[in-house]
Amino acid sequence: GVALDIKDFNLWYGETQALFDTTFPIQKGLVTALIGPSGCGKSTLLRSLNRMNDLVDGLRISGKIEVDGFDIYGKGVDVIALRKRMGMVFQKPNPFAMSIYDNVTYPLRVDGVTKKSILDDTVERCLRSAALWDEAKDRLHDSALGMSGGQQQRLCIARGIASDPEVLLMDEPCSALDPIATAKIENLISQLAGTYTIVIVTHSMTQAARVSHNTGFMYLGRLIEYGATE
Ligand code: ADP
Ligand code: ADP
């Protein structure tokens, strides 16, 4: 099935058009890579999928992005609910300056969950899903800022899945990491596929080949080719 259906999508930052006539489906449960040179619009497209771009002054769009037949740019859309369905992971790991435990439970606490048993279960489940439990279980109440970059990025993934999203959006999640940490994140992405629909921005063709089922090639704001990665 289709998780996100992008239809004739155009985007302008003020007078500058950054995306042109973008049309393609993002398939449920698969990993879709967006690849292309710097400045071609990959991040812009990724941030359009959960309306992170709303924060940018002078932003204008046309066209549609549909989730379950529902235009996310349509009238009366609950943007907060939409963002909860889409966990986001950034290039630079950005754990909050709080404990590992509090990082993972943050999305639940924002939602008003206070029950310790629920929070404890979530921490274990999400850290296991992010392949971080063994490394983190004895230091749950230590600051997340003491972890390595790769551990911090897996923690951000654990935090991203704590609110039970359907989609994970990843913007060059490995480009600040060393090769070993990168390989761990790539394996993790493959494990999370199926449970989640994953969209990953990368400038690495080899990374797209390793982790993705489908690839979109972008150039100067246009999706110039899209299909099975192989
Ligand atoms: P990529 O992720 O492929 O490097 P981006 O989506 O970051 O590309 O950028 C696409 C184009 O949009 C670039 O020309 C960039 O300068 C421009 N752009 C990105 N963000 C903004 C912004 N907040 N305001 C104005 N222009 C922007
Ligand atoms: P609720 O408070 O139960 O989330 P909503 O009216 O916000 O009630 O949402 C009803 C349904 O529509 C839910 O399944 C929700 O996940 C989905 N939904 C809400 N906002 C969006 C959106 N922007 N895009 C796609 N689906 C949405």
# chains A, B, ... in the order shown; residues from 1 in each chain; ligands from 1
>>> select_by_dssp(residues="range 26-184 of chain A", states="strand (DSSP E)", output="list in words")
Ile26, Gln27, Val31, Thr32, Ala33, Leu34, Ile35, Leu59, Arg60, Ile61, Ser62, Gly63, Lys64, Ile65, Glu66, Val67, Phe70, Asp71, Met86, Gly87, Met88, Val89, Val167, Leu168, Leu169, Met170 and Asp171 of chain A
>>> write_last_selection(atoms="N, CA and C atoms", output="mmCIF file, in the first residue's frame")
data_model
loop_
_atom_site.group_PDB
_atom_site.id
_atom_site.type_symbol
_atom_site.label_atom_id
_atom_site.label_comp_id
_atom_site.auth_asym_id
_atom_site.auth_seq_id
_atom_site.Cartn_x
_atom_site.Cartn_y
_atom_site.Cartn_z
ATOM 1 N N ILE A 26 5.066 6.903 -1.735
ATOM 2 C CA ILE A 26 6.001 6.266 -0.806
ATOM 3 C C ILE A 26 5.296 5.034 -0.243
ATOM 4 N N GLN A 27 5.892 3.880 -0.483
ATOM 5 C CA GLN A 27 5.218 2.618 -0.150
ATOM 6 C C GLN A 27 5.321 2.290 1.331
ATOM 7 N N VAL A 31 11.651 0.996 2.725
ATOM 8 C CA VAL A 31 12.587 2.099 2.900
ATOM 9 C C VAL A 31 12.723 2.808 1.557
ATOM 10 N N THR A 32 12.437 4.094 1.556
ATOM 11 C CA THR A 32 12.601 4.916 0.350
ATOM 12 C C THR A 32 13.749 5.879 0.584
ATOM 13 N N ALA A 33 14.720 5.853 -0.310
ATOM 14 C CA ALA A 33 15.847 6.788 -0.208
ATOM 15 C C ALA A 33 15.617 7.957 -1.158
ATOM 16 N N LEU A 34 15.949 9.159 -0.684
ATOM 17 C CA LEU A 34 15.962 10.344 -1.544
ATOM 18 C C LEU A 34 17.421 10.734 -1.697
ATOM 19 N N ILE A 35 17.863 10.768 -2.940
ATOM 20 C CA ILE A 35 19.281 10.968 -3.193
ATOM 21 C C ILE A 35 19.446 12.087 -4.216
ATOM 22 N N LEU A 59 6.858 30.566 3.266
ATOM 23 C CA LEU A 59 6.752 29.292 2.553
ATOM 24 C C LEU A 59 5.392 29.174 1.868
ATOM 25 N N ARG A 60 5.424 28.678 0.644
ATOM 26 C CA ARG A 60 4.186 28.480 -0.096
ATOM 27 C C ARG A 60 4.259 27.132 -0.790
ATOM 28 N N ILE A 61 3.142 26.438 -0.867
ATOM 29 C CA ILE A 61 3.131 25.155 -1.564
ATOM 30 C C ILE A 61 1.921 25.086 -2.498
ATOM 31 N N SER A 62 1.991 24.170 -3.457
ATOM 32 C CA SER A 62 0.786 23.793 -4.182
ATOM 33 C C SER A 62 0.849 22.288 -4.391
ATOM 34 N N GLY A 63 -0.288 21.700 -4.697
ATOM 35 C CA GLY A 63 -0.343 20.242 -4.839
ATOM 36 C C GLY A 63 -0.744 19.594 -3.530
ATOM 37 N N LYS A 64 -0.563 18.288 -3.463
ATOM 38 C CA LYS A 64 -1.058 17.536 -2.298
ATOM 39 C C LYS A 64 -0.044 16.527 -1.813
ATOM 40 N N ILE A 65 -0.130 16.229 -0.525
ATOM 41 C CA ILE A 65 0.529 15.037 0.007
ATOM 42 C C ILE A 65 -0.531 14.306 0.811
ATOM 43 N N GLU A 66 -0.889 13.112 0.354
ATOM 44 C CA GLU A 66 -1.990 12.396 0.992
ATOM 45 C C GLU A 66 -1.499 11.267 1.889
ATOM 46 N N VAL A 67 -2.127 11.181 3.064
ATOM 47 C CA VAL A 67 -1.927 10.073 4.000
ATOM 48 C C VAL A 67 -3.297 9.431 4.161
ATOM 49 N N PHE A 70 -6.011 11.498 2.693
ATOM 50 C CA PHE A 70 -6.241 12.687 3.482
ATOM 51 C C PHE A 70 -5.134 13.664 3.107
ATOM 52 N N ASP A 71 -5.448 14.833 2.582
ATOM 53 C CA ASP A 71 -4.403 15.788 2.191
ATOM 54 C C ASP A 71 -3.843 16.482 3.432
ATOM 55 N N MET A 86 4.767 10.671 12.437
ATOM 56 C CA MET A 86 6.024 10.671 11.682
ATOM 57 C C MET A 86 7.191 11.061 12.564
ATOM 58 N N GLY A 87 7.935 10.066 13.028
ATOM 59 C CA GLY A 87 9.131 10.350 13.824
ATOM 60 C C GLY A 87 10.203 10.933 12.916
ATOM 61 N N MET A 88 11.001 11.861 13.470
ATOM 62 C CA MET A 88 12.020 12.504 12.630
ATOM 63 C C MET A 88 13.392 12.337 13.280
ATOM 64 N N VAL A 89 14.370 11.980 12.457
ATOM 65 C CA VAL A 89 15.751 11.823 12.922
ATOM 66 C C VAL A 89 16.629 12.719 12.057
ATOM 67 N N VAL A 167 5.561 6.322 10.372
ATOM 68 C CA VAL A 167 6.610 6.697 9.415
ATOM 69 C C VAL A 167 7.807 7.245 10.185
ATOM 70 N N LEU A 168 9.016 6.896 9.727
ATOM 71 C CA LEU A 168 10.227 7.514 10.269
ATOM 72 C C LEU A 168 10.905 8.289 9.146
ATOM 73 N N LEU A 169 11.145 9.565 9.397
ATOM 74 C CA LEU A 169 11.815 10.425 8.415
ATOM 75 C C LEU A 169 13.243 10.643 8.905
ATOM 76 N N MET A 170 14.207 10.336 8.058
ATOM 77 C CA MET A 170 15.614 10.440 8.475
ATOM 78 C C MET A 170 16.376 11.316 7.501
ATOM 79 N N ASP A 171 16.951 12.389 8.031
ATOM 80 C CA ASP A 171 17.670 13.339 7.182
ATOM 81 C C ASP A 171 19.176 13.130 7.344
#
>>> residues_near_ligand(ligand="ligand 2", cutoff="8 Å", atoms="only C-alpha atoms and all ligand atoms", output="list in words")
Glu66, Val67, Asp68, Phe70, Asp71, Ile72, Tyr73, Val77, Asp78, Val79, Ile80, Ala81, Leu82, Arg83 and Arg85 of chain A
>>> residues_around(residues="Asp164 in chain A", least_positions_apart="2", cutoff="8 Å", atoms="only C-alpha atoms", output="list of chain:residue names")
A:Lys84, A:Arg85, A:Ile161, A:Ala162, A:Glu166
>>> residues_around(residues="range 14-21 of chain A", least_positions_apart="6", cutoff="7 Å", atoms="only C-alpha atoms", output="short mmCIF file (atom, residue, chain, number, x, y, z; two decimals) with C-alpha atoms, in the first residue's frame")
data_model
loop_
_atom_site.label_atom_id
_atom_site.label_comp_id
_atom_site.auth_asym_id
_atom_site.auth_seq_id
_atom_site.Cartn_x
_atom_site.Cartn_y
_atom_site.Cartn_z
CA ASP A 8 2.04 17.59 -8.19
CA GLY A 41 15.63 19.76 -2.40
CA GLY A 58 7.22 32.97 3.38
CA LEU A 59 6.75 29.29 2.55
CA GLY A 221 14.23 20.60 -7.20
CA ARG A 222 12.86 17.87 -9.44
#
>>> select_by_dssp(residues="range 42-188 of chain A", states="alpha helix (DSSP H)", output="MDAnalysis selection string")
chainID A and resid 42:49 79:84 100:110 116:129 133:136 149:162 179:188
>>> residues_near_ligand(ligand="ligand 1", cutoff="7 Å", atoms="only C-alpha atoms and all ligand atoms", output="PDB file with all heavy atoms, in the first residue's frame")
ATOM      1  N   TYR A  13      10.250  28.958  -1.350  1.00  0.00           N
ATOM      2  CA  TYR A  13      10.729  29.732  -0.206  1.00  0.00           C
ATOM      3  C   TYR A  13      10.719  31.174  -0.686  1.00  0.00           C
ATOM      4  O   TYR A  13      11.601  31.572  -1.466  1.00  0.00           O
ATOM      5  CB  TYR A  13      12.155  29.329   0.165  1.00  0.00           C
ATOM      6  CG  TYR A  13      12.307  27.938   0.759  1.00  0.00           C
ATOM      7  CD1 TYR A  13      13.015  26.946   0.090  1.00  0.00           C
ATOM      8  CD2 TYR A  13      11.772  27.630   2.017  1.00  0.00           C
ATOM      9  CE1 TYR A  13      13.199  25.690   0.652  1.00  0.00           C
ATOM     10  CE2 TYR A  13      11.953  26.379   2.577  1.00  0.00           C
ATOM     11  CZ  TYR A  13      12.664  25.413   1.892  1.00  0.00           C
ATOM     12  OH  TYR A  13      12.843  24.173   2.445  1.00  0.00           O
ATOM     13  N   ALA A  18      11.714  25.718  -4.748  1.00  0.00           N
ATOM     14  CA  ALA A  18      12.658  24.667  -4.337  1.00  0.00           C
ATOM     15  C   ALA A  18      12.206  23.281  -4.771  1.00  0.00           C
ATOM     16  O   ALA A  18      13.034  22.376  -4.893  1.00  0.00           O
ATOM     17  CB  ALA A  18      12.863  24.707  -2.823  1.00  0.00           C
ATOM     18  N   GLY A  36      20.616  12.730  -4.193  1.00  0.00           N
ATOM     19  CA  GLY A  36      20.877  13.808  -5.150  1.00  0.00           C
ATOM     20  C   GLY A  36      21.873  14.782  -4.554  1.00  0.00           C
ATOM     21  O   GLY A  36      22.138  14.744  -3.360  1.00  0.00           O
ATOM     22  N   PRO A  37      22.419  15.673  -5.389  1.00  0.00           N
ATOM     23  CA  PRO A  37      23.446  16.595  -4.914  1.00  0.00           C
ATOM     24  C   PRO A  37      22.912  17.602  -3.899  1.00  0.00           C
ATOM     25  O   PRO A  37      21.709  17.825  -3.803  1.00  0.00           O
ATOM     26  CB  PRO A  37      23.913  17.298  -6.186  1.00  0.00           C
ATOM     27  CG  PRO A  37      22.838  17.107  -7.187  1.00  0.00           C
ATOM     28  CD  PRO A  37      22.127  15.845  -6.819  1.00  0.00           C
ATOM     29  N   SER A  38      23.835  18.206  -3.178  1.00  0.00           N
ATOM     30  CA  SER A  38      23.498  19.199  -2.167  1.00  0.00           C
ATOM     31  C   SER A  38      22.652  20.317  -2.795  1.00  0.00           C
ATOM     32  O   SER A  38      22.944  20.783  -3.886  1.00  0.00           O
ATOM     33  CB  SER A  38      24.817  19.735  -1.619  1.00  0.00           C
ATOM     34  OG  SER A  38      24.557  20.591  -0.575  1.00  0.00           O
ATOM     35  N   GLY A  39      21.581  20.696  -2.087  1.00  0.00           N
ATOM     36  CA  GLY A  39      20.761  21.814  -2.547  1.00  0.00           C
ATOM     37  C   GLY A  39      19.675  21.430  -3.542  1.00  0.00           C
ATOM     38  O   GLY A  39      18.947  22.295  -4.021  1.00  0.00           O
ATOM     39  N   CYS A  40      19.532  20.141  -3.842  1.00  0.00           N
ATOM     40  CA  CYS A  40      18.545  19.731  -4.861  1.00  0.00           C
ATOM     41  C   CYS A  40      17.131  19.633  -4.300  1.00  0.00           C
ATOM     42  O   CYS A  40      16.180  19.438  -5.053  1.00  0.00           O
ATOM     43  CB  CYS A  40      18.954  18.413  -5.516  1.00  0.00           C
ATOM     44  SG  CYS A  40      18.813  16.986  -4.433  1.00  0.00           S
ATOM     45  N   GLY A  41      16.976  19.738  -2.970  1.00  0.00           N
ATOM     46  CA  GLY A  41      15.628  19.759  -2.401  1.00  0.00           C
ATOM     47  C   GLY A  41      15.245  18.531  -1.587  1.00  0.00           C
ATOM     48  O   GLY A  41      14.086  18.382  -1.202  1.00  0.00           O
ATOM     49  N   LYS A  42      16.207  17.677  -1.269  1.00  0.00           N
ATOM     50  CA  LYS A  42      15.907  16.447  -0.523  1.00  0.00           C
ATOM     51  C   LYS A  42      15.315  16.743   0.848  1.00  0.00           C
ATOM     52  O   LYS A  42      14.280  16.207   1.224  1.00  0.00           O
ATOM     53  CB  LYS A  42      17.171  15.584  -0.349  1.00  0.00           C
ATOM     54  CG  LYS A  42      17.875  15.223  -1.639  1.00  0.00           C
ATOM     55  CD  LYS A  42      19.125  14.362  -1.397  1.00  0.00           C
ATOM     56  CE  LYS A  42      20.236  15.033  -0.595  1.00  0.00           C
ATOM     57  NZ  LYS A  42      20.886  16.177  -1.260  1.00  0.00           N
ATOM     58  N   SER A  43      16.004  17.603   1.615  1.00  0.00           N
ATOM     59  CA  SER A  43      15.518  17.933   2.964  1.00  0.00           C
ATOM     60  C   SER A  43      14.183  18.648   2.891  1.00  0.00           C
ATOM     61  O   SER A  43      13.301  18.432   3.717  1.00  0.00           O
ATOM     62  CB  SER A  43      16.485  18.851   3.699  1.00  0.00           C
ATOM     63  OG  SER A  43      17.635  18.160   4.010  1.00  0.00           O
ATOM     64  N   THR A  44      14.062  19.522   1.904  1.00  0.00           N
ATOM     65  CA  THR A  44      12.807  20.259   1.740  1.00  0.00           C
ATOM     66  C   THR A  44      11.656  19.284   1.529  1.00  0.00           C
ATOM     67  O   THR A  44      10.593  19.408   2.153  1.00  0.00           O
ATOM     68  CB  THR A  44      12.930  21.235   0.551  1.00  0.00           C
ATOM     69  OG1 THR A  44      13.938  22.199   0.867  1.00  0.00           O
ATOM     70  CG2 THR A  44      11.616  21.936   0.271  1.00  0.00           C
ATOM     71  N   LEU A  45      11.878  18.296   0.680  1.00  0.00           N
ATOM     72  CA  LEU A  45      10.826  17.316   0.426  1.00  0.00           C
ATOM     73  C   LEU A  45      10.537  16.511   1.700  1.00  0.00           C
ATOM     74  O   LEU A  45       9.378  16.314   2.075  1.00  0.00           O
ATOM     75  CB  LEU A  45      11.229  16.403  -0.741  1.00  0.00           C
ATOM     76  CG  LEU A  45      10.235  15.321  -1.129  1.00  0.00           C
ATOM     77  CD1 LEU A  45       8.850  15.895  -1.411  1.00  0.00           C
ATOM     78  CD2 LEU A  45      10.731  14.556  -2.373  1.00  0.00           C
ATOM     79  N   VAL A  56       8.864  27.831   8.435  1.00  0.00           N
ATOM     80  CA  VAL A  56       9.656  28.741   7.605  1.00  0.00           C
ATOM     81  C   VAL A  56       8.784  29.895   7.118  1.00  0.00           C
ATOM     82  O   VAL A  56       7.706  29.690   6.573  1.00  0.00           O
ATOM     83  CB  VAL A  56      10.249  27.983   6.391  1.00  0.00           C
ATOM     84  CG1 VAL A  56      11.027  28.932   5.489  1.00  0.00           C
ATOM     85  CG2 VAL A  56      11.131  26.834   6.859  1.00  0.00           C
ATOM     86  N   GLY A 221      15.618  20.472  -7.662  1.00  0.00           N
ATOM     87  CA  GLY A 221      14.234  20.596  -7.203  1.00  0.00           C
ATOM     88  C   GLY A 221      13.247  19.667  -7.886  1.00  0.00           C
ATOM     89  O   GLY A 221      12.049  19.741  -7.623  1.00  0.00           O
TER      90      GLY A 221
END
>>> residues_around(residues="Glu172 in chain A", least_positions_apart="2", cutoff="9 Å", atoms="only C-alpha atoms", output="MDAnalysis selection string")
chainID A and resid 43 89:92 170 174:176 200:203
>>> closest_atom_pairs(of="range 32-107 of chain A", to="range 134-147 of chain A", cutoff="7 Å", atoms="only C-alpha atoms", output="CSV")
residue,atom,partner,partner_atom,distance
A:Pro95,CA,A:Ala144,CA,6.4
A:Ala97,CA,A:Leu145,CA,6.3
A:Met98,CA,A:Ser143,CA,5.3
A:Ser99,CA,A:Ser143,CA,4.1
A:Ile100,CA,A:Ala144,CA,4.8
A:Tyr101,CA,A:Leu140,CA,5.1
>>> residues_around(residues="Pro93 in chain A", least_positions_apart="6", cutoff="7 Å", atoms="only C-alpha atoms", output="count of residues only")
4
>>> residues_around(residues="Ala181 in chain A", least_positions_apart="2", cutoff="9 Å", atoms="only C-alpha atoms", output="JSON, numbers by chain")
{"A": [149, 150, 151, 153, 174, 177, 178, 179, 183, 184, 185, 186]}
>>> closest_residue(among="A:Leu155, A:Leu30, A:Val110, A:Leu55", to="Thr195 in chain A", atoms="only C-alpha atoms")
A:Leu30
>>> atom_distance(atom1="CA of Ser212 in chain A", atom2="CA of Ala228 in chain A")
8.5 Å
>>> closest_residue(among="A:Thr182, A:Asn94, A:Asn53, A:Thr197", to="Leu4 in chain A", atoms="only C-alpha atoms")
A:Thr197
>>> atom_distance(atom1="CA of Asp54 in chain A", atom2="CA of Gly76 in chain A")
14.6 Å
